[in-house]
>>> print(open('protein-v1.txt').read())   # compact mmCIF, C-alpha atoms and all ligand atoms
# COMPACT_ATOMS: atom_id res chain seq x y z
CA MET W 1 72.57 -26.17 -24.69
CA ALA W 2 74.61 -28.56 -26.82
CA LEU W 3 75.24 -27.44 -30.41
CA ASP W 4 74.49 -29.77 -33.29
CA ALA W 5 77.58 -31.39 -34.82
CA ASP W 6 77.68 -29.11 -37.88
CA THR W 7 77.37 -25.89 -35.88
CA LEU W 8 80.08 -27.01 -33.48
CA GLN W 9 82.38 -27.90 -36.37
CA GLN W 10 81.75 -24.49 -37.94
CA LEU W 11 82.62 -22.78 -34.67
CA LEU W 12 85.82 -24.82 -34.28
CA ASP W 13 86.80 -24.11 -37.92
CA THR W 14 86.16 -20.38 -37.46
CA VAL W 15 88.21 -20.21 -34.25
CA GLY W 16 90.99 -22.33 -35.82
CA ARG W 17 91.13 -20.00 -38.84
CA PHE W 18 91.14 -16.90 -36.61
CA VAL W 19 94.03 -18.38 -34.61
CA ARG W 20 96.11 -19.29 -37.69
CA GLU W 21 95.38 -16.25 -39.85
CA ARG W 22 95.07 -13.41 -37.32
CA LEU W 23 96.79 -14.41 -34.07
CA VAL W 24 99.80 -16.54 -35.06
CA PRO W 25 101.25 -13.77 -37.31
CA LEU W 26 101.08 -11.34 -34.37
CA GLU W 27 102.80 -13.54 -31.77
CA HIS W 28 106.17 -11.73 -31.94
CA THR W 29 104.60 -8.27 -31.94
CA VAL W 30 102.42 -9.02 -28.93
CA ALA W 31 105.41 -10.38 -27.01
CA ASP W 32 107.58 -7.38 -27.95
CA ASP W 33 104.90 -4.78 -27.19
CA ASP W 34 103.47 -6.61 -24.17
CA ALA W 35 100.04 -5.72 -25.55
CA ILE W 36 97.31 -7.24 -27.70
CA PRO W 37 96.21 -4.82 -30.47
CA GLU W 38 92.78 -3.29 -29.93
CA GLU W 39 91.52 -4.45 -33.36
CA ILE W 40 92.24 -8.06 -32.34
CA VAL W 41 90.25 -7.59 -29.13
CA ALA W 42 87.37 -6.22 -31.24
CA GLU W 43 87.52 -9.28 -33.52
CA MET W 44 87.49 -11.57 -30.48
CA ARG W 45 84.34 -9.79 -29.31
CA GLU W 46 82.68 -10.18 -32.72
CA LEU W 47 83.42 -13.90 -32.72
CA GLY W 48 81.75 -14.26 -29.32
CA LEU W 49 84.95 -15.55 -27.75
CA PHE W 50 84.36 -13.71 -24.46
CA GLY W 51 81.07 -15.48 -23.89
CA LEU W 52 81.80 -19.13 -24.67
CA SER W 53 80.71 -20.35 -21.24
CA VAL W 54 78.07 -17.73 -20.39
CA PRO W 55 74.49 -19.04 -20.81
CA GLU W 56 72.67 -17.97 -23.98
CA GLU W 57 69.97 -16.12 -22.05
CA TYR W 58 72.71 -13.67 -20.95
CA GLY W 59 74.14 -13.25 -24.44
CA GLY W 60 76.83 -15.94 -24.36
CA LEU W 61 77.24 -19.02 -26.53
CA GLY W 62 76.35 -21.27 -23.60
CA LEU W 63 78.72 -24.02 -24.67
CA THR W 64 78.79 -27.30 -22.82
CA MET W 65 82.08 -28.13 -21.13
CA ALA W 66 82.86 -30.69 -23.85
CA GLU W 67 82.34 -27.99 -26.50
CA GLU W 68 84.30 -25.38 -24.56
CA VAL W 69 87.38 -27.59 -24.19
CA GLN W 70 87.40 -28.18 -27.95
CA VAL W 71 87.41 -24.42 -28.55
CA ALA W 72 90.22 -24.16 -25.99
CA PHE W 73 92.22 -26.80 -27.93
CA GLU W 74 92.00 -24.43 -30.92
CA LEU W 75 92.92 -21.35 -28.85
CA GLY W 76 95.98 -23.25 -27.62
CA GLY W 77 97.32 -23.06 -31.18
CA THR W 78 98.88 -19.67 -30.50
CA SER W 79 100.59 -17.67 -27.74
CA PRO W 80 98.76 -18.26 -24.45
CA ALA W 81 98.55 -14.48 -23.92
CA PHE W 82 95.65 -14.27 -26.39
CA ARG W 83 93.69 -16.94 -24.52
CA SER W 84 94.49 -15.25 -21.24
CA LEU W 85 92.66 -12.05 -22.21
CA LEU W 86 89.41 -13.87 -22.92
CA GLY W 87 90.06 -16.66 -20.43
CA THR W 88 88.87 -14.83 -17.34
CA ASN W 89 85.50 -13.86 -18.91
CA ASN W 90 84.93 -17.52 -19.74
CA GLY W 91 86.36 -18.88 -16.53
CA ILE W 92 87.36 -17.49 -13.17
CA GLY W 93 86.07 -13.96 -13.92
CA SER W 94 82.48 -14.98 -14.73
CA GLN W 95 81.80 -18.44 -13.38
CA GLY W 96 81.36 -17.34 -9.77
CA ILE W 97 78.29 -15.43 -10.98
CA VAL W 98 77.13 -18.18 -13.36
CA ILE W 99 77.39 -20.88 -10.67
CA ASP W 100 76.37 -19.05 -7.49
CA GLY W 101 75.17 -15.54 -8.44
CA THR W 102 71.69 -14.19 -7.71
CA PRO W 103 69.34 -13.56 -10.69
CA GLU W 104 70.00 -9.80 -10.31
CA GLN W 105 73.79 -10.29 -10.35
CA LYS W 106 73.53 -12.49 -13.45
CA ALA W 107 71.31 -10.00 -15.27
CA ARG W 108 73.55 -7.05 -14.38
CA TYR W 109 76.98 -8.47 -15.19
CA LEU W 110 76.83 -11.56 -17.43
CA PRO W 111 75.71 -9.80 -20.65
CA LYS W 112 78.64 -7.36 -20.40
CA LEU W 113 81.10 -10.19 -19.68
CA ALA W 114 79.70 -12.33 -22.52
CA SER W 115 80.05 -9.51 -25.06
CA GLY W 116 83.53 -8.57 -23.86
CA GLU W 117 82.31 -5.04 -23.05
CA ILE W 118 83.99 -5.56 -19.69
CA ILE W 119 86.79 -7.90 -18.62
CA GLY W 120 86.28 -10.00 -15.50
CA SER W 121 89.06 -10.72 -13.02
CA PHE W 122 89.35 -13.15 -10.08
CA ALA W 123 91.01 -11.72 -6.97
CA LEU W 124 91.78 -14.57 -4.57
CA THR W 125 95.57 -14.74 -4.13
CA GLU W 126 97.23 -12.44 -1.60
CA PRO W 127 100.81 -11.73 -0.53
CA GLU W 128 100.37 -14.37 2.21
CA ALA W 129 97.63 -16.59 0.79
CA GLY W 130 97.98 -18.55 -2.44
CA SER W 131 97.79 -22.33 -2.19
CA ASP W 132 96.25 -21.93 1.28
CA ALA W 133 93.37 -19.97 -0.18
CA GLY W 134 91.25 -20.25 2.98
CA SER W 135 93.78 -18.24 4.99
CA LEU W 136 93.25 -14.96 3.17
CA ARG W 137 93.36 -11.72 5.14
CA THR W 138 91.49 -9.18 3.03
CA SER W 139 88.63 -8.09 5.26
CA ALA W 140 85.05 -7.08 4.51
CA ARG W 141 83.33 -5.30 7.40
CA ARG W 142 79.58 -4.77 7.25
CA ASP W 143 78.55 -1.11 7.49
CA GLY W 144 74.84 -0.53 6.90
CA ASP W 145 73.92 -1.66 3.41
CA HIS W 146 77.60 -1.81 2.37
CA TYR W 147 80.74 -3.79 3.14
CA VAL W 148 84.06 -2.02 3.60
CA LEU W 149 86.96 -3.92 2.01
CA ASN W 150 90.60 -3.63 3.06
CA GLY W 151 93.55 -5.69 1.87
CA THR W 152 95.87 -6.50 -1.03
CA LYS W 153 95.46 -9.09 -3.77
CA ARG W 154 98.51 -10.29 -5.71
CA PHE W 155 99.29 -11.62 -9.24
CA ILE W 156 95.74 -10.88 -10.39
CA THR W 157 95.32 -11.80 -14.06
CA ASN W 158 93.76 -9.08 -16.25
CA ALA W 159 93.53 -6.68 -13.28
CA PRO W 160 94.75 -3.71 -15.38
CA GLU W 161 92.02 -4.38 -18.01
CA ALA W 162 89.25 -5.45 -15.64
CA GLY W 163 85.85 -3.80 -15.35
CA LEU W 164 84.67 -6.26 -12.71
CA PHE W 165 86.52 -8.10 -9.96
CA THR W 166 85.34 -11.19 -8.10
CA VAL W 167 86.99 -10.51 -4.75
CA PHE W 168 87.34 -12.96 -1.89
CA ALA W 169 87.39 -11.38 1.56
CA ARG W 170 86.88 -12.40 5.15
CA THR W 171 83.47 -11.34 6.48
CA ASP W 172 83.88 -13.18 9.78
CA PRO W 173 86.84 -11.52 11.56
CA GLU W 174 86.89 -14.30 14.21
CA SER W 175 87.50 -17.01 11.61
CA ARG W 176 90.89 -18.13 10.35
CA ASP W 177 89.80 -20.63 7.72
CA ALA W 178 87.62 -21.06 4.65
CA LYS W 179 84.31 -20.72 6.53
CA GLY W 180 84.63 -16.97 7.11
CA VAL W 181 85.25 -16.07 3.47
CA SER W 182 82.72 -14.40 1.15
CA ALA W 183 82.88 -13.45 -2.54
CA PHE W 184 82.10 -9.91 -3.72
CA LEU W 185 81.52 -8.32 -7.11
CA VAL W 186 83.48 -5.08 -7.18
CA GLU W 187 83.34 -2.76 -10.16
CA ALA W 188 86.51 -1.08 -11.39
CA GLY W 189 86.43 2.60 -10.51
CA THR W 190 84.88 2.02 -7.10
CA PRO W 191 86.59 4.53 -4.75
CA GLY W 192 89.20 2.75 -2.61
CA LEU W 193 90.10 0.20 -5.32
CA THR W 194 93.45 0.69 -7.06
CA VAL W 195 95.43 -1.51 -9.41
CA GLY W 196 99.22 -1.65 -8.94
CA LYS W 197 101.85 -1.46 -11.65
CA LEU W 198 102.19 -4.30 -14.17
CA ASP W 199 104.13 -7.31 -12.89
CA ARG W 200 107.25 -8.13 -14.94
CA LYS W 201 106.78 -11.80 -15.78
CA MET W 202 108.87 -14.69 -17.15
CA GLY W 203 106.53 -15.15 -20.12
CA GLN W 204 103.03 -14.70 -21.50
CA LYS W 205 103.86 -11.12 -22.50
CA GLY W 206 100.69 -9.40 -23.63
CA ALA W 207 98.80 -10.91 -20.70
CA HIS W 208 98.94 -8.76 -17.60
CA THR W 209 98.90 -9.31 -13.87
CA ALA W 210 99.08 -6.78 -11.05
CA ASP W 211 98.25 -6.18 -7.41
CA VAL W 212 94.75 -5.00 -6.57
CA ILE W 213 94.57 -2.87 -3.43
CA PHE W 214 91.47 -2.16 -1.34
CA GLU W 215 91.52 0.77 1.06
CA ASP W 216 88.17 1.39 2.75
CA CYS W 217 86.52 0.34 -0.49
CA ARG W 218 82.72 0.45 -0.04
CA VAL W 219 80.86 -2.28 -1.89
CA PRO W 220 77.03 -2.60 -1.85
CA ALA W 221 75.87 -5.53 0.28
CA ALA W 222 73.81 -6.62 -2.75
CA ASN W 223 77.12 -7.50 -4.45
CA ILE W 224 77.97 -10.44 -2.24
CA ILE W 225 77.80 -13.44 -4.60
CA GLY W 226 74.65 -15.45 -3.95
CA GLY W 227 73.56 -12.92 -1.31
CA LYS W 228 74.98 -14.97 1.58
CA GLU W 229 78.09 -14.58 3.73
CA GLY W 230 80.49 -17.48 4.27
CA GLN W 231 79.95 -19.15 0.89
CA GLY W 232 82.90 -17.54 -0.91
CA PHE W 233 85.45 -20.31 -0.50
CA LYS W 234 83.09 -22.93 -1.90
CA THR W 235 82.32 -20.64 -4.82
CA ALA W 236 86.06 -20.29 -5.44
CA MET W 237 86.55 -24.06 -5.37
CA LYS W 238 83.69 -24.70 -7.80
CA VAL W 239 85.03 -22.03 -10.15
CA LEU W 240 88.52 -23.54 -9.96
CA ASP W 241 87.26 -27.08 -10.65
CA ARG W 242 85.95 -25.81 -13.94
CA GLY W 243 88.92 -23.53 -14.58
CA ARG W 244 91.35 -26.40 -14.12
CA LEU W 245 89.69 -28.37 -16.87
CA HIS W 246 89.79 -25.35 -19.17
CA ILE W 247 93.50 -24.74 -18.47
CA ALA W 248 94.21 -28.43 -19.11
CA SER W 249 92.60 -28.13 -22.54
CA VAL W 250 94.67 -25.03 -23.37
CA CYS W 251 97.79 -27.05 -22.42
CA VAL W 252 96.74 -29.76 -24.90
CA GLY W 253 96.26 -27.16 -27.64
CA VAL W 254 99.67 -25.58 -27.01
CA ALA W 255 101.33 -29.01 -26.95
CA GLU W 256 99.75 -29.87 -30.31
CA ARG W 257 101.00 -26.59 -31.78
CA LEU W 258 104.53 -27.25 -30.55
CA ILE W 259 104.43 -30.78 -31.96
CA ARG W 260 103.34 -29.45 -35.39
CA ASP W 261 106.17 -26.89 -35.33
CA SER W 262 108.71 -29.48 -34.19
CA LEU W 263 107.69 -31.96 -36.88
CA ALA W 264 107.81 -29.31 -39.62
CA TYR W 265 111.27 -28.21 -38.49
CA ALA W 266 112.56 -31.79 -38.21
CA MET W 267 111.37 -32.63 -41.72
CA GLU W 268 113.05 -29.56 -43.19
CA ARG W 269 116.28 -29.31 -41.22
CA LYS W 270 119.03 -31.50 -42.70
CA GLN W 271 122.06 -32.90 -40.89
CA PHE W 272 124.34 -35.75 -41.92
CA GLY W 273 122.76 -35.53 -45.38
CA GLN W 274 119.14 -36.09 -44.40
CA PRO W 275 116.22 -34.46 -42.57
CA ILE W 276 116.69 -34.86 -38.83
CA ALA W 277 113.17 -36.36 -38.70
CA GLU W 278 114.74 -39.50 -40.20
CA PHE W 279 116.87 -40.00 -37.08
CA GLN W 280 115.35 -42.34 -34.54
CA LEU W 281 116.44 -40.30 -31.51
CA VAL W 282 114.54 -37.30 -32.92
CA GLN W 283 111.61 -39.56 -33.79
CA ALA W 284 111.52 -40.73 -30.17
CA MET W 285 111.03 -37.13 -28.98
CA LEU W 286 108.29 -36.50 -31.54
CA ALA W 287 106.53 -39.77 -30.70
CA ASP W 288 106.69 -39.21 -26.93
CA SER W 289 105.21 -35.72 -27.33
CA ARG W 290 102.46 -36.96 -29.63
CA THR W 291 101.57 -39.78 -27.25
CA GLU W 292 101.40 -37.52 -24.21
CA ALA W 293 99.37 -34.82 -25.95
CA TYR W 294 96.92 -37.47 -27.16
CA ALA W 295 96.56 -38.82 -23.61
CA GLY W 296 95.87 -35.26 -22.43
CA ARG W 297 93.27 -34.68 -25.16
CA CYS W 298 91.45 -37.91 -24.27
CA MET W 299 91.35 -37.29 -20.52
CA VAL W 300 90.17 -33.70 -20.93
CA LEU W 301 87.35 -34.69 -23.30
CA GLU W 302 86.26 -37.57 -21.10
CA THR W 303 86.23 -35.41 -17.95
CA ALA W 304 84.35 -32.63 -19.76
CA ARG W 305 81.69 -35.08 -20.97
CA ARG W 306 81.28 -36.47 -17.46
CA LYS W 307 80.97 -32.95 -16.06
CA ASP W 308 78.23 -32.21 -18.62
CA ALA W 309 76.47 -35.38 -17.45
CA GLY W 310 76.36 -33.97 -13.92
CA VAL W 311 79.13 -36.09 -12.41
CA ASP W 312 81.34 -34.45 -9.72
CA VAL W 313 84.69 -34.17 -11.52
CA SER W 314 86.74 -32.33 -8.86
CA THR W 315 89.26 -35.15 -8.70
CA ASP W 316 89.41 -35.74 -12.43
CA ALA W 317 89.68 -32.02 -13.23
CA ALA W 318 92.69 -31.89 -10.89
CA CYS W 319 94.13 -34.98 -12.66
CA CYS W 320 93.69 -33.20 -16.01
CA LYS W 321 95.33 -29.98 -14.79
CA LEU W 322 98.21 -31.90 -13.20
CA PHE W 323 98.91 -34.13 -16.18
CA CYS W 324 98.36 -31.63 -18.98
CA SER W 325 100.33 -28.76 -17.44
CA GLU W 326 103.28 -31.05 -16.69
CA MET W 327 102.89 -32.67 -20.12
CA VAL W 328 103.07 -29.39 -22.04
CA GLY W 329 106.22 -28.54 -20.06
CA ARG W 330 107.86 -31.74 -21.31
CA VAL W 331 106.59 -31.17 -24.85
CA ALA W 332 107.96 -27.60 -24.86
CA ASP W 333 111.30 -28.87 -23.58
CA ARG W 334 111.48 -31.46 -26.39
CA ALA W 335 110.40 -28.80 -28.91
CA VAL W 336 113.43 -26.71 -27.92
CA GLN W 337 115.62 -29.83 -28.20
CA VAL W 338 114.32 -30.78 -31.67
CA HIS W 339 114.93 -27.21 -32.83
CA GLY W 340 118.50 -27.34 -31.44
CA GLY W 341 120.23 -23.93 -31.55
CA ALA W 342 117.14 -22.44 -33.18
CA GLY W 343 115.12 -23.51 -30.19
CA TYR W 344 117.13 -21.16 -28.01
CA ILE W 345 116.86 -18.15 -30.33
CA ALA W 346 113.94 -15.76 -29.89
CA ASP W 347 113.25 -15.38 -33.65
CA TYR W 348 111.90 -18.91 -33.87
CA GLY W 349 109.41 -18.43 -31.05
CA VAL W 350 109.97 -21.85 -29.46
CA GLU W 351 111.87 -20.44 -26.49
CA ARG W 352 108.97 -18.05 -25.90
CA PHE W 353 106.51 -20.93 -25.67
CA TYR W 354 108.94 -22.71 -23.34
CA ARG W 355 108.71 -19.75 -20.96
CA ASP W 356 104.98 -19.22 -21.53
CA VAL W 357 103.94 -22.76 -20.59
CA ARG W 358 105.79 -22.66 -17.28
CA LEU W 359 102.88 -20.75 -15.78
CA PHE W 360 100.41 -23.59 -16.38
CA ARG W 361 102.01 -25.61 -13.58
CA ILE W 362 101.52 -22.75 -11.14
CA TYR W 363 98.26 -20.83 -11.56
CA GLU W 364 94.72 -22.04 -10.80
CA GLY W 365 96.40 -24.41 -8.33
CA THR W 366 100.01 -25.61 -8.48
CA SER W 367 100.82 -29.20 -9.48
CA GLN W 368 101.36 -29.91 -5.79
CA ILE W 369 97.86 -28.60 -4.93
CA GLN W 370 96.39 -30.83 -7.67
CA GLN W 371 98.23 -33.83 -6.14
CA LEU W 372 96.88 -32.90 -2.73
CA VAL W 373 93.30 -32.51 -4.02
CA ILE W 374 93.48 -35.85 -5.88
CA ALA W 375 94.91 -37.83 -2.97
CA ARG W 376 92.60 -36.24 -0.37
CA ASN W 377 89.57 -37.07 -2.48
CA MET W 378 90.83 -40.64 -3.00
CA ILE W 379 91.17 -41.13 0.75
CA ARG W 380 87.75 -39.55 1.39
CA GLU W 381 86.07 -41.80 -1.19
CA ALA W 382 87.72 -44.90 0.23
CA ALA W 383 86.82 -44.08 3.86
N1 LIG X 1 83.68 -27.86 -4.63
C1 LIG X 1 82.81 -27.47 -3.69
N2 LIG X 1 83.16 -27.31 -2.38
C2 LIG X 1 84.43 -27.59 -2.06
C3 LIG X 1 85.40 -28.00 -3.00
C4 LIG X 1 84.97 -28.14 -4.34
N3 LIG X 1 85.82 -28.52 -5.29
N4 LIG X 1 86.57 -28.19 -2.36
C5 LIG X 1 86.37 -27.92 -1.07
N5 LIG X 1 85.08 -27.55 -0.89
C6 LIG X 1 84.43 -27.20 0.39
C7 LIG X 1 84.63 -28.32 1.38
O1 LIG X 1 83.62 -29.31 1.24
C8 LIG X 1 84.56 -27.61 2.71
O2 LIG X 1 83.20 -27.40 3.04
P1 LIG X 1 82.63 -27.78 4.52
O3 LIG X 1 83.40 -26.91 5.46
O4 LIG X 1 81.18 -27.44 4.43
O5 LIG X 1 82.91 -29.23 4.70
C9 LIG X 1 85.17 -26.25 2.41
O6 LIG X 1 85.07 -26.08 0.98
C10 LIG X 1 86.61 -26.16 2.84
O7 LIG X 1 87.31 -27.19 2.19
P2 LIG X 1 88.70 -27.78 2.73
O8 LIG X 1 88.57 -28.07 4.18
O9 LIG X 1 89.09 -28.88 1.83
O10 LIG X 1 89.66 -26.52 2.57
P3 LIG X 1 91.22 -26.34 2.79
O11 LIG X 1 91.41 -25.03 3.40
O12 LIG X 1 91.78 -27.55 3.45
O13 LIG X 1 91.82 -26.18 1.33
C11 LIG X 1 92.67 -26.68 -0.87
C12 LIG X 1 91.73 -27.03 0.32
C13 LIG X 1 94.14 -26.72 -0.53
C14 LIG X 1 92.34 -27.75 -1.88
C15 LIG X 1 92.29 -25.29 -1.44
O14 LIG X 1 92.69 -24.27 -0.56
C16 LIG X 1 92.87 -25.01 -2.81
O15 LIG X 1 92.34 -25.47 -3.83
N6 LIG X 1 93.95 -24.22 -2.85
C17 LIG X 1 94.52 -23.78 -4.10
C18 LIG X 1 93.90 -22.50 -4.49
C19 LIG X 1 94.36 -22.07 -5.83
O16 LIG X 1 94.11 -22.73 -6.84
N7 LIG X 1 95.05 -20.92 -5.88
C20 LIG X 1 95.51 -20.43 -7.11
C21 LIG X 1 95.10 -19.00 -7.23
S1 LIG X 1 93.56 -18.79 -7.93
S2 LIG X 1 94.04 -18.42 -9.83
>>> encode(input="protein-v1.txt", output="structure tokens")
Amino acid sequence: MALDADTLQQLLDTVGRFVRERLVPLEHTVADDDAIPEEIVAEMRELGLFGLSVPEEYGGLGLTMAEEVQVAFELGGTSPAFRSLLGTNNGIGSQGIVIDGTPEQKARYLPKLASGEIIGSFALTEPEAGSDAGSLRTSARRDGDHYVLNGTKRFITNAPEAGLFTVFARTDPESRDAKGVSAFLVEAGTPGLTVGKLDRKMGQKGAHTADVIFEDCRVPAANIIGGKEGQGFKTAMKVLDRGRLHIASVCVGVAERLIRDSLAYAMERKQFGQPIAEFQLVQAMLADSRTEAYAGRCMVLETARRKDAGVDVSTDAACCKLFCSEMVGRVADRAVQVHGGAGYIADYGVERFYRDVRLFRIYEGTSQIQQLVIARNMIREAA
């Protein structure tokens, strides 16, 4: 349900204040420790940040997409690792249930995801299946009123923290493509499920990924999302359509943060007797970044509003993810350039953002997959 304008503004102000006053001061610590302090996680829970997109009847805030992207703009104002921890509960770790789950699955899991009592995780990618998501090999063999899962999932965000995994596995052993794939809800602690060691990543320290391994892991048949085999790939695609829009909005938020930092530095830093912001070549970098971030903000808001109106935004969500993730890469590069030597030194934090934003062009569909989705849909519409 859409919030009234005042309530939405209050929410955005509260999240903005939380980001500036609680999260920004901890950015270095979180990167150094590769961990988000427990008291911060508790505050996130109190603010309802794990349940932004979960319907109100299951304890979430039930935001519209247009409202959610505005919250994500605010969350982009700090290290992406913070957003990553609550991102899966609002996106790929819960939306399979919200979109396609049975009433029982919704009632059992959504309240815990909305409150942040458990962390949700999305296990699609495998050692040999990433962009070609339909080719996955993890198998799910029916055995009485259970399925037996075997296989390995790779680079799974929040796997070490997760209480619930949405796992994609092949229920039709004869199939080789998307049609034989089903989605399962697998609780952490189920015998046969293990999480590998933490991946050592380029950036986003504090956010964790790891392998998830299934060895004769028995999952109740009631935990197949929607109760039907063969629907898993479509569930994944619907979840990713939404996730791509959310990631695009985080990219806009991070770009705006980097622009603020770059402007502040350029107005303070003096060379040749004046602030470097007075130099037109520096101004060009600031202006280009501002223009691109504004374009990203507009396209994300427009796509979110159209999604709320019931329009199929698969193509536009891919456009948003493609443009905004590439855009924030350019903005981060210019931010390093405006900061000069300081941009390369860890103490200033800009180099950390430069590494952090690199992931946006890769996960939830690479830029090349977005291009492919956009062009395929264009051809389909024209035919
Ligand atoms: N919404 C609903 N259904 C969708 C859909 C969407 N956005 N996209 C595809 N589908 C459906 C198709 O309609 C098709 O259904 P039918 O068989 O009934 O016609 C089915 O899903 C298979 O679609 P398609 O033939 O297009 O599948 P492909 O195997 O060719 O794959 C791409 C398509 C490449 C687009 C897909 O594999 C993809 O998005 N890959 C990237 C995955 C990704 O983001 N990985 C990152 C890791 S997850 S963090």
>>> closest_residue(input="protein-v1.txt", among="W:Gly163, W:Gly87, W:Gly116, W:Gly365", to="ligand LIG 1 (chain X)", atoms="only C-alpha atoms and all ligand atoms")
W:Gly365
>>> closest_residue(input="protein-v1.txt", among="W:Ile362, W:Ala346, W:Leu198, W:Ala221", to="ligand LIG 1 (chain X)", atoms="all atoms listed in the file")
W:Ile362
>>> residues_near_ligand(input="protein-v1.txt", ligand="ligand LIG 1 (chain X)", cutoff="8 Å", atoms="all atoms listed in the file", output="number ranges by chain")
W: 92, 122-125, 130-135, 156-157, 177-179, 233-238, 240-241, 314, 362-366, 369-370, 372-373
>>> atom_distance(input="protein-v1.txt", atom1="atom CA of W:Val19", atom2="atom CA of W:Glu256")
13.5 Å
>>> residues_around(input="protein-v1.txt", residues="W:Val212", least_positions_apart="3", cutoff="7 Å", atoms="only C-alpha atoms", output="count of residues only")
6
>>> residues_around(input="protein-v1.txt", residues="stretch 164-171 of chain W", least_positions_apart="2", cutoff="7 Å", atoms="only C-alpha atoms", output="NGL selection string")
:W and (93 or 119-124 or 137-141 or 162 or 173 or 180-188 or 229 or 232)
>>> atom_distance(input="protein-v1.txt", atom1="atom CA of W:Gly51", atom2="atom CA of W:Ala107")
14.1 Å
>>> atom_distance(input="protein-v1.txt", atom1="atom CA of W:Asn223", atom2="atom CA of W:Ile97")
10.3 Å
>>> closest_residue(input="protein-v1.txt", among="W:Ser84, W:Gln204, W:Gln283, W:Gln10", to="W:Val41", atoms="only C-alpha atoms")
W:Ser84
>>> residues_around(input="protein-v1.txt", residues="W:Lys205", least_positions_apart="4", cutoff="12 Å", atoms="all atoms listed in the file", output="PyMOL selection string")
chain W and resi 27-36+79-85+198-201+209+352-353+355-357+359
>>> residues_near_point(input="protein-v1.txt", point="(85.8, -35.8, -13.7)", cutoff="12 Å", atoms="all atoms listed in the file", output="JSON, numbers by chain")
{"W": [65, 66, 241, 242, 244, 245, 299, 300, 301, 302, 303, 304, 305, 306, 307, 308, 309, 310, 311, 312, 313, 314, 315, 316, 317, 318, 319, 320, 321, 374, 377]}
>>> closest_residue(input="protein-v1.txt", among="W:Gly243, W:Gly144, W:Gly349, W:Gly62", to="W:Leu3", atoms="only C-alpha atoms")
W:Gly62
>>> residues_near_point(input="protein-v1.txt", point="(109.1, -29.8, -39.7)", cutoff="12 Å", atoms="all atoms listed in the file", output="MDAnalysis selection string")
chainID W and resid 257:270 275:278 282:283 286 335 338:339
>>> closest_residue(input="protein-v1.txt", among="W:Glu56, W:Glu46, W:Glu38, W:Asp145", to="W:Glu161", atoms="all atoms listed in the file")
W:Glu38
>>> closest_residue(input="protein-v1.txt", among="W:Glu215, W:Ala342, W:Arg380, W:Cys251", to="W:Met327", atoms="all atoms listed in the file")
W:Cys251
>>> residues_around(input="protein-v1.txt", residues="W:Gly226", least_positions_apart="3", cutoff="7 Å", atoms="all atoms listed in the file", output="compact mmCIF listing (two decimals) with C-alpha atoms, keeping the file's coordinate frame")
# COMPACT_ATOMS: atom_id res chain seq x y z
CA ASP W 100 76.37 -19.05 -7.49
CA GLY W 101 75.17 -15.54 -8.44
CA THR W 102 71.69 -14.19 -7.71
>>> residues_around(input="protein-v1.txt", residues="W:Val254", least_positions_apart="5", cutoff="7 Å", atoms="only C-alpha atoms", output="MDAnalysis selection string")
chainID W and resid 76:78
